[in-house]
Structures are given as structure tokens and as C-alpha cells.
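Student: Just one file: final_39.cif, with mmCIF, C-alpha atoms.
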data_target
loop_
_atom_site.label_atom_id
_atom_site.label_comp_id
_atom_site.auth_asym_id
_atom_site.auth_seq_id
_atom_site.Cartn_x
_atom_site.Cartn_y
_atom_site.Cartn_z
CA MET A 1 216.98 186.19 204.67
CA PRO A 2 219.92 183.88 205.40
CA LYS A 3 219.92 185.02 209.05
CA ALA A 4 216.17 184.37 209.40
CA LYS A 5 216.58 180.94 207.81
CA SER A 6 219.42 179.98 210.13
CA SER A 7 217.37 181.20 213.11
CA ARG A 8 214.47 178.95 212.10
CA LEU A 9 216.85 176.03 211.77
CA ARG A 10 218.26 176.69 215.23
CA ASN A 11 214.77 176.91 216.73
CA SER A 12 213.72 173.73 214.96
CA SER A 13 216.83 171.93 216.15
CA ALA A 14 216.23 173.06 219.73
CA GLY A 15 212.65 171.82 219.54
CA ASP A 16 213.80 168.48 218.20
CA ARG A 17 216.33 168.15 220.99
CA ALA A 18 213.68 168.95 223.59
CA PHE A 19 211.33 166.39 222.11
CA ASP A 20 214.07 163.76 222.06
CA ALA A 21 214.97 164.51 225.67
CA ILE A 22 211.33 164.21 226.83
CA ASN A 23 210.79 161.09 224.77
CA ILE A 24 213.95 159.39 226.07
CA THR A 25 213.11 160.33 229.65
CA PHE A 26 209.60 158.93 229.30
CA MET A 27 210.86 155.69 227.74
CA ILE A 28 213.46 155.24 230.49
CA CYS A 29 210.78 155.70 233.15
CA LEU A 30 208.51 153.25 231.35
CA MET A 31 211.36 150.73 231.14
CA ILE A 32 212.08 151.06 234.86
CA VAL A 33 208.42 150.60 235.77
CA THR A 34 208.25 147.53 233.52
CA ILE A 35 211.50 145.85 234.56
CA TYR A 36 211.52 146.64 238.28
CA PRO A 37 208.83 144.09 239.35
CA PHE A 38 210.71 141.29 237.58
CA ILE A 39 214.04 142.27 239.16
CA ASN A 40 212.35 142.49 242.54
CA MET A 41 210.95 138.97 242.07
CA ILE A 42 214.43 137.68 241.30
CA ALA A 43 215.79 139.35 244.42
CA VAL A 44 213.05 137.90 246.64
CA SER A 45 213.47 134.43 245.14
CA LEU A 46 217.20 134.49 245.88
CA ASN A 47 216.75 135.83 249.40
CA ASN A 48 216.35 133.82 252.61
CA ALA A 49 212.64 133.24 253.20
CA ASN A 50 212.77 134.14 256.91
CA ASP A 51 214.59 137.37 256.13
CA ALA A 52 212.24 138.24 253.27
CA ILE A 53 209.33 138.47 255.76
CA ARG A 54 210.86 141.68 257.11
CA GLY A 55 210.45 143.32 253.71
CA GLY A 56 212.76 145.99 252.37
CA ILE A 57 214.08 143.88 249.49
CA TYR A 58 214.11 145.84 246.26
CA LEU A 59 216.81 145.18 243.68
CA TRP A 60 219.29 143.01 245.54
CA PRO A 61 218.93 140.03 247.92
CA ARG A 62 219.86 140.77 251.52
CA GLU A 63 220.71 137.15 252.43
CA TRP A 64 221.60 135.06 249.40
CA THR A 65 220.26 131.54 249.19
CA LEU A 66 219.09 128.96 246.65
CA ASP A 67 216.80 127.20 249.12
CA ASN A 68 213.64 128.40 247.36
CA TYR A 69 214.76 126.88 244.07
CA LYS A 70 215.99 123.72 245.80
CA TYR A 71 212.59 123.30 247.41
CA ILE A 72 210.66 123.61 244.15
CA PHE A 73 213.03 121.49 242.08
CA GLY A 74 213.12 118.98 244.91
CA GLU A 75 209.56 117.98 244.09
CA SER A 76 209.65 114.64 242.29
CA ASP A 77 206.85 115.49 239.83
CA ILE A 78 208.25 118.81 238.67
CA TYR A 79 210.50 117.47 235.91
CA HIS A 80 207.88 115.28 234.25
CA ALA A 81 205.40 118.15 234.52
CA THR A 82 207.89 120.44 232.78
CA LEU A 83 208.15 117.94 229.93
CA ILE A 84 204.35 117.84 229.56
CA SER A 85 204.21 121.65 229.56
CA ALA A 86 206.89 121.80 226.88
CA LEU A 87 205.10 119.22 224.74
CA ARG A 88 201.71 120.92 225.00
CA THR A 89 203.31 124.27 224.21
CA ILE A 90 205.15 123.02 221.13
CA ILE A 91 202.42 120.76 219.75
CA GLY A 92 199.60 123.10 220.71
CA THR A 93 201.28 126.10 219.12
CA ILE A 94 202.08 124.34 215.85
CA VAL A 95 198.62 122.78 215.46
CA SER A 96 196.73 125.90 216.53
CA VAL A 97 198.67 128.33 214.34
CA PHE A 98 198.49 126.06 211.28
CA CYS A 99 194.74 125.45 211.61
CA THR A 100 194.05 129.11 212.40
CA ALA A 101 196.07 130.17 209.35
CA MET A 102 194.07 127.78 207.12
CA LEU A 103 190.82 129.24 208.41
CA ALA A 104 192.12 132.79 207.99
CA TYR A 105 193.12 132.09 204.40
CA THR A 106 189.70 130.64 203.63
CA LEU A 107 187.87 133.63 205.11
CA SER A 108 190.13 136.06 203.27
CA ARG A 109 189.00 134.77 199.86
CA GLN A 110 186.37 136.96 198.22
CA GLU A 111 185.08 133.99 196.21
CA PHE A 112 184.06 132.17 199.40
CA VAL A 113 180.36 133.07 199.44
CA LEU A 114 179.81 132.24 203.12
CA ARG A 115 182.82 134.21 204.40
CA LYS A 116 180.74 136.91 206.14
CA PHE A 117 178.43 134.42 207.81
CA VAL A 118 181.28 132.18 208.99
CA THR A 119 183.24 135.20 210.21
CA MET A 120 180.28 136.46 212.25
CA PHE A 121 179.78 132.94 213.60
CA PHE A 122 183.34 132.86 214.93
CA VAL A 123 183.24 136.45 216.22
CA PHE A 124 180.05 135.57 218.13
CA THR A 125 182.05 133.05 220.17
CA MET A 126 184.35 135.84 221.37
CA TYR A 127 181.49 137.44 223.30
CA PHE A 128 179.30 134.48 224.28
CA SER A 129 180.07 130.98 225.52
CA GLY A 130 178.15 128.05 226.93
CA GLY A 131 179.80 128.35 230.33
CA LEU A 132 181.98 126.11 232.46
CA ILE A 133 179.56 123.23 233.04
CA PRO A 134 178.36 122.85 229.42
CA GLY A 135 181.99 123.07 228.34
CA TYR A 136 182.96 120.31 230.74
CA LEU A 137 180.07 118.11 229.56
CA LEU A 138 181.14 118.65 225.96
CA ILE A 139 184.74 117.67 226.72
CA ARG A 140 183.48 114.59 228.58
CA ASP A 141 181.22 113.51 225.72
CA LEU A 142 184.10 113.92 223.28
CA GLY A 143 186.15 111.51 225.39
CA LEU A 144 188.95 113.98 225.98
CA ILE A 145 189.03 113.83 229.79
CA GLY A 146 192.17 112.08 230.93
CA SER A 147 193.79 112.65 227.53
CA PHE A 148 196.72 114.81 226.45
CA TRP A 149 194.65 116.13 223.54
CA VAL A 150 192.33 117.96 225.92
CA TYR A 151 195.13 120.56 226.01
CA ILE A 152 195.21 120.89 222.22
CA ILE A 153 191.80 120.39 220.59
CA PRO A 154 189.48 122.75 222.58
CA GLY A 155 191.64 125.79 221.86
CA ILE A 156 192.75 124.84 218.38
CA ILE A 157 191.20 127.97 216.84
CA GLY A 158 191.67 131.42 218.34
CA VAL A 159 189.28 133.96 216.83
CA PHE A 160 191.45 136.98 217.60
CA ASN A 161 194.47 135.20 216.15
CA MET A 162 192.45 134.31 213.07
CA ILE A 163 191.51 137.97 212.57
CA VAL A 164 195.16 139.04 212.82
CA ILE A 165 196.31 136.49 210.23
CA ARG A 166 193.34 137.16 207.94
CA SER A 167 194.05 140.91 207.95
CA PHE A 168 197.66 140.16 207.07
CA ILE A 169 196.67 137.85 204.19
CA GLU A 170 194.20 140.41 202.83
CA GLY A 171 197.07 142.87 202.61
CA LEU A 172 199.11 140.59 200.34
CA PRO A 173 199.22 141.47 196.62
CA GLU A 174 196.48 139.56 194.87
CA GLY A 175 198.70 139.13 191.82
CA ILE A 176 200.94 136.71 193.70
CA LEU A 177 198.05 134.38 194.41
CA GLU A 178 196.73 134.71 190.87
CA SER A 179 200.16 133.81 189.48
CA ALA A 180 200.17 130.62 191.56
CA ARG A 181 196.74 129.68 190.23
CA ILE A 182 197.81 130.37 186.64
CA ASP A 183 200.73 127.99 187.17
CA GLY A 184 198.23 125.29 188.10
CA ALA A 185 198.48 125.41 191.90
CA GLY A 186 195.37 124.44 193.84
CA GLU A 187 194.13 126.24 196.94
CA PHE A 188 196.01 124.03 199.36
CA THR A 189 199.23 124.26 197.34
CA THR A 190 198.83 128.03 197.14
CA PHE A 191 198.33 128.17 200.89
CA ILE A 192 201.34 125.99 201.71
CA ARG A 193 203.85 127.28 199.17
CA VAL A 194 202.82 130.92 198.76
CA VAL A 195 200.70 132.18 201.64
CA LEU A 196 202.50 130.56 204.57
CA PRO A 197 205.98 131.88 203.68
CA LEU A 198 204.58 135.38 203.20
CA THR A 199 202.68 135.38 206.49
CA ILE A 200 205.61 134.45 208.72
CA PRO A 201 205.49 137.79 210.63
CA ALA A 202 201.81 137.39 211.48
CA MET A 203 202.19 133.70 212.30
CA ALA A 204 205.19 134.44 214.55
CA THR A 205 203.08 137.00 216.41
CA VAL A 206 200.22 134.57 216.85
CA SER A 207 202.65 131.79 217.81
CA LEU A 208 203.89 133.91 220.70
CA PHE A 209 200.33 134.50 221.91
CA VAL A 210 199.46 130.80 221.70
CA ALA A 211 202.72 129.61 223.24
CA VAL A 212 202.38 131.92 226.25
CA GLY A 213 198.79 130.78 226.77
CA GLN A 214 199.72 127.09 226.53
CA TRP A 215 202.73 127.44 228.81
CA ASN A 216 200.87 129.37 231.50
CA SER A 217 197.68 127.31 231.43
CA TRP A 218 196.83 125.24 234.50
CA PHE A 219 193.05 125.48 234.94
CA ASP A 220 192.33 122.93 232.20
CA VAL A 221 194.65 120.51 234.00
CA PHE A 222 192.68 121.10 237.19
CA LEU A 223 189.38 120.46 235.41
CA TYR A 224 190.21 117.48 233.23
CA ASN A 225 193.44 115.80 234.38
CA SER A 226 193.86 116.61 238.06
CA SER A 227 193.75 112.91 238.97
CA ASN A 228 196.27 111.92 236.29
CA LYS A 229 199.81 112.76 237.44
CA GLU A 230 201.25 111.63 234.12
CA LEU A 231 199.54 114.56 232.38
CA SER A 232 200.14 117.20 235.03
CA THR A 233 201.87 120.38 233.84
CA LEU A 234 204.49 122.62 235.38
CA GLN A 235 202.04 125.43 236.12
CA TYR A 236 199.66 123.07 237.87
CA GLU A 237 202.45 121.60 240.00
CA LEU A 238 203.65 125.09 240.91
CA MET A 239 200.10 126.04 241.84
CA LYS A 240 199.88 123.02 244.15
CA ILE A 241 203.20 123.91 245.78
CA LEU A 242 202.02 127.47 246.40
CA GLN A 243 198.70 126.24 247.76
CA THR A 244 200.46 123.83 250.12
CA SER A 245 202.85 126.49 251.42
CA THR A 246 200.04 129.02 251.86
CA THR A 247 197.87 126.54 253.75
CA ALA A 248 200.74 125.56 256.01
CA ALA A 249 201.63 129.19 256.70
CA THR A 250 198.09 130.23 257.60
CA SER A 251 197.45 127.18 259.78
CA SER A 252 200.52 127.72 261.95
CA ALA A 253 201.38 130.44 264.40
CA SER A 254 204.49 131.32 262.43
CA ASP A 255 204.43 132.76 258.93
CA VAL A 256 207.15 130.35 257.89
CA TYR A 257 206.45 126.95 256.41
CA GLN A 258 209.01 124.25 257.15
CA ALA A 259 209.26 122.67 253.69
CA ALA A 260 210.58 119.22 254.55
CA GLU A 261 211.61 117.63 257.82
CA ASN A 262 214.69 116.02 256.32
CA SER A 263 215.93 119.09 254.43
CA GLY A 264 215.15 121.82 256.94
CA VAL A 265 214.53 124.34 254.14
CA ALA A 266 212.28 127.16 255.29
CA VAL A 267 210.07 128.83 252.70
CA THR A 268 207.12 131.19 252.76
CA PRO A 269 204.26 131.80 250.33
CA THR A 270 205.97 135.05 249.31
CA SER A 271 209.29 133.41 248.51
CA ILE A 272 207.59 130.51 246.72
CA ARG A 273 205.44 132.89 244.67
CA ALA A 274 208.49 134.87 243.58
CA THR A 275 210.44 131.72 242.69
CA MET A 276 207.50 130.31 240.75
CA THR A 277 207.23 133.54 238.76
CA ILE A 278 210.86 133.34 237.70
CA ILE A 279 210.72 129.64 236.82
CA ALA A 280 207.57 130.08 234.76
CA SER A 281 208.77 133.22 232.96
CA VAL A 282 212.29 132.28 231.93
CA PRO A 283 211.38 129.83 229.09
CA ILE A 284 209.10 132.38 227.40
CA LEU A 285 211.65 135.16 227.89
CA MET A 286 214.24 132.99 226.13
CA VAL A 287 211.94 132.52 223.13
CA TYR A 288 210.77 136.12 222.80
CA PRO A 289 214.04 137.66 221.43
CA PHE A 290 213.88 135.32 218.43
CA LEU A 291 210.32 136.42 217.63
CA GLN A 292 210.59 140.10 218.48
CA LYS A 293 211.22 141.42 214.96
CA TYR A 294 208.34 139.32 213.59
CA PHE A 295 206.15 140.34 216.52
CA VAL A 296 206.46 144.07 215.76
CA GLN A 297 206.05 143.60 212.01
CA GLY A 298 203.12 141.22 212.38
CA MET A 299 201.20 143.53 214.71
CA THR A 300 201.73 146.64 212.58
CA ILE A 301 201.01 145.05 209.20
CA GLY A 302 198.39 142.57 210.41
CA GLY A 303 196.50 145.29 212.24
CA VAL A 304 196.10 147.51 209.16
CA LYS A 305 194.42 146.32 205.99
CA GLY A 306 195.87 147.31 202.65
#
Translate the structure of the given file into C-alpha cells.
Tutor:
Amino acid sequence: MPKAKSSRLRNSSAGDRAFDAINITFMICLMIVTIYPFINMIAVSLNNANDAIRGGIYLWPREWTLDNYKYIFGESDIYHATLISALRTIIGTIVSVFCTAMLAYTLSRQEFVLRKFVTMFFVFTMYFSGGLIPGYLLIRDLGLIGSFWVYIIPGIIGVFNMIVIRSFIEGLPEGILESARIDGAGEFTTFIRVVLPLTIPAMATVSLFVAVGQWNSWFDVFLYNSSNKELSTLQYELMKILQTSTTAATSSASDVYQAAENSGVAVTPTSIRATMTIIASVPILMVYPFLQKYFVQGMTIGGVKG
């Protein structure tokens, strides 16, 4: 009996080791596939644009240069556009997450008799919309064209985000909320002082979604504020730079676009695209480590009721 038991333990241990080896190998491969495109973009952005046309750049630049970054940061509007992008990301994220959390709390209350109807009303908007032209006419009639708030108000409520936060709130112990009411707290006080602190994981998850969307958005700038340079964003300015370099490259016999006559910096659409990717990604990558633990917890708890 002891020999048979030790044999089973050895077999079980060998199986565990095999599983761990396969799992680790798979995760390493997945990590390489995920990280390689970003490293390749960094290499291309730091490589000479003329040399990059030849291809063959993988993990390391062949001819080091900062000309691509000098060209983009040499644009006079880029710094003000970065400030506008930062403001819309910060303000838009705070306002959207707070309002979405208030709606989620309301729809999580069993005593709210219209909760099912209102929920279906919001879910309906996830599948159907009025379209681009009716949306533009609505924004125009609201007087938001040419305004900074056109970046904030139209997307103030995200239905998917609301569902995530609502599921998280529904999983909270009901006794905590009842205790707050017994102590004389109203609904708004209960929401601010009890619900919000307890839903930090879900709100951090949603904040990351909203912040990435706000930071990367450029189409709303094109639609509503393209003629107002004071409200242009970083993504929109980068898009214009890429469009200019692409047009210049395709209209000339050479594939190289001479960026400025006085600087003599040569760039290509490929080098500009890689540089833009790095510039646009770094701010979000710097924020993500601070939200990672909340992101995992918010998705696992918020995605399962009870």
C-alpha cells in the first residue's frame, strides 16, 4: 500500500510538472506574440527612414536616429493638442465614470420599479443608433459644435460600462446598504459614502476603458472641431501628419517625403506611423500598471453576479 501510494504521488507530480511546462511555454509564446509588434514599432521609429524602406528591421534599429520624433514634435500645434487630449481624457473619464456609476446604482435597486424598462432602453442603444448624420444634427442643435464639451457630453454614459458596474454593485452585501439607511443616510449619501468606495475595482476597470477611448479618439474632432485649432487633439494632429506624409510620398517618384526644407529631415509614412504609435501608446502604458490589480479584480467580480 505505501509503495502504491508513493507511485501515485510520483505520477501526479510528473503530470503537474508537465502541465506547468506546457502552460509556461504557451504563456511565453503568447507574451512574445503580444510584445513583439510593439518592440518592432519602437525599432522602426528609432531607425533612419530611408534605411527602414529596405525592411529587415525586427527588434533593433539598424541606423539609429531621432529624426522621426524631431519631425513630429517639431510641429507647432502638437503641444497644445497634447494638452487638450490630456484634459479631455481626465475630465471625460471622471465625469463619465461618475455618471455611469450613478446610473448603475439606480438600476441595481430592486425597489426601482422601472429598472427593467430603463435597462432595456439603454441596452437597445448598444445595437441600434440614429446614424452619423442624425447624430451630427443632434450635436449641432445642442450647440456643442465648436465646444470642448462635445468631447464629454455625447459619450457620458457607456452602456457596457454601466452593466459592469451594476453587476459589481449587485454583488455587494445588501446588509451594508441597509445599515447605511438605518443610520439615516439617503440614497445619494449611501452612493457617495458606501457604494463608491466599495466599487473601486469596477470603477478602475471602467476608467481604463473610458480613458483609452478618450485618449485615442480623433473622429469627433474631425466632425465637430476640425476648423478650431484651439480644440484639436493629439490624435487628430498625428492623423494629419500621417496623411500629409502619405500624400507627399504617393505623389512623388520617391517613397521618401522630405519633411521640411530647412531641417532636411527625411521621413516616410512607415516611420511616421511607427513613431505615432509609440507617442500615442506611452501615456496609457504609464497609467495601466497603477490600475492593473483593480482591472483584474473588477473584471472577475463585476462579470459574475453574486
Student: The residues within 9 Å of (200.6, 123.4, 238.4), using only C-alpha atoms and the coordinates of the file, should be reported as a PyMOL selection string; which are they?
Tutor: chain A and resi 78+81+217-219+221-222+232-241
Student: Assuming 4 Å of padding per side, give the centre and edge lengths of the axis-aligned box around every listed atom of range 17-29 of chain A, in Å to one decimal and as AutoDock Vina command-line options.
Tutor:
--center_x 213.0 --center_y 162.1 --center_z 227.1 --size_x 14.7 --size_y 21.7 --size_z 20.2
Student: Determine the nearest neighbour of Thr89 in chain A from the options A:Ser207, A:Gln110, A:Ser281, A:Asn47, counting all atoms listed in the file.
Tutor: A:Ser207
Student: Quick one, how far is CA of Asn23 in chain A from CA of Thr205 in chain A?
Tutor: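 Atom-to-atom, CA of Asn23 in chain A to CA of Thr205 in chain A, that is 26.6 Å.
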Student: Suppose you want the space between CA of Ile53 in chain A and CA of Tyr79 in chain A; what is it in Å?
Tutor: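 These two atoms are separated by 28.9 Å.
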Student: A:Ile272, A:Ala202, A:Met120, A:Val267: which is nearest Phe98 in chain A, counting all atoms listed in the file?
Tutor: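 Of A:Ile272, A:Ala202, A:Met120, A:Val267, the one nearest Phe98 in chain A, counting all atoms listed in the file, is A:Ala202.
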Student: Of the residues A:Val195, A:Ile156, A:Val150, A:Leu138, which is the one nearest to Ser96 in chain A, using all atoms listed in the file?
Tutor: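 For Ser96 in chain A, the nearest of the given residues is A:Ile156.
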Student: Could you work out how far CA of Ile165 in chain A lies from CA of Trp149 in chain A, giving the answer in Å with one decimal?
Tutor: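 Distance between the two atoms: 24.4 Å.
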Student: Taking the file above as input, evaluate the PyMOL selection byres ((chain A and resi 57-60) around 8) and report the hits as a PyMOL selection string.
Tutor: chain A and resi 36+39-40+43-44+52+55-56+61-62
Student: Could you expand the PyMOL selection byres ((chain A and resi 67) around 9) into the explicit residues it covers here, written as a list in words?
Tutor: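 Taken over the shown coordinates, the PyMOL selection byres ((chain A and resi 67) around 9) returns Ser45, Leu46, Asn47, Asn48, Ala49, Thr65, Leu66, Asn68, Tyr69, Lys70, Tyr71, Ile72, Val265, Ala266 and Val267 of chain A.
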Student: Between A:Ile278, A:Leu198, A:Ile22, A:Val159, which one has atoms that come closest to Leu177 in chain A, using only C-alpha atoms?
Tutor: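 Of all the options, A:Leu198 lies closest to Leu177 in chain A.
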Student: What lies within 6 Å of Ser108 in chain A using only C-alpha atoms, ignoring chain neighbours under 2 positions off, as JSON, numbers by chain?
Tutor: {"A": [105, 106, 166, 170]}
Student: Near Met102 in chain A, within 12 Å and counting only C-alpha atoms, which residues show up once chain neighbours fewer than 5 positions away are dropped, as a PyMOL selection string?
Tutor: chain A and resi 95-97+107-109+156-157+161-163+165-166+169+187-192+195-196+199+203
Student: Let me make sure I understand: among A:Leu223, A:Val282, A:Ile152, A:Leu172, which one has the smallest atom-to-atom distance to Leu87 in chain A if we use only C-alpha atoms?
Tutor: A:Ile152
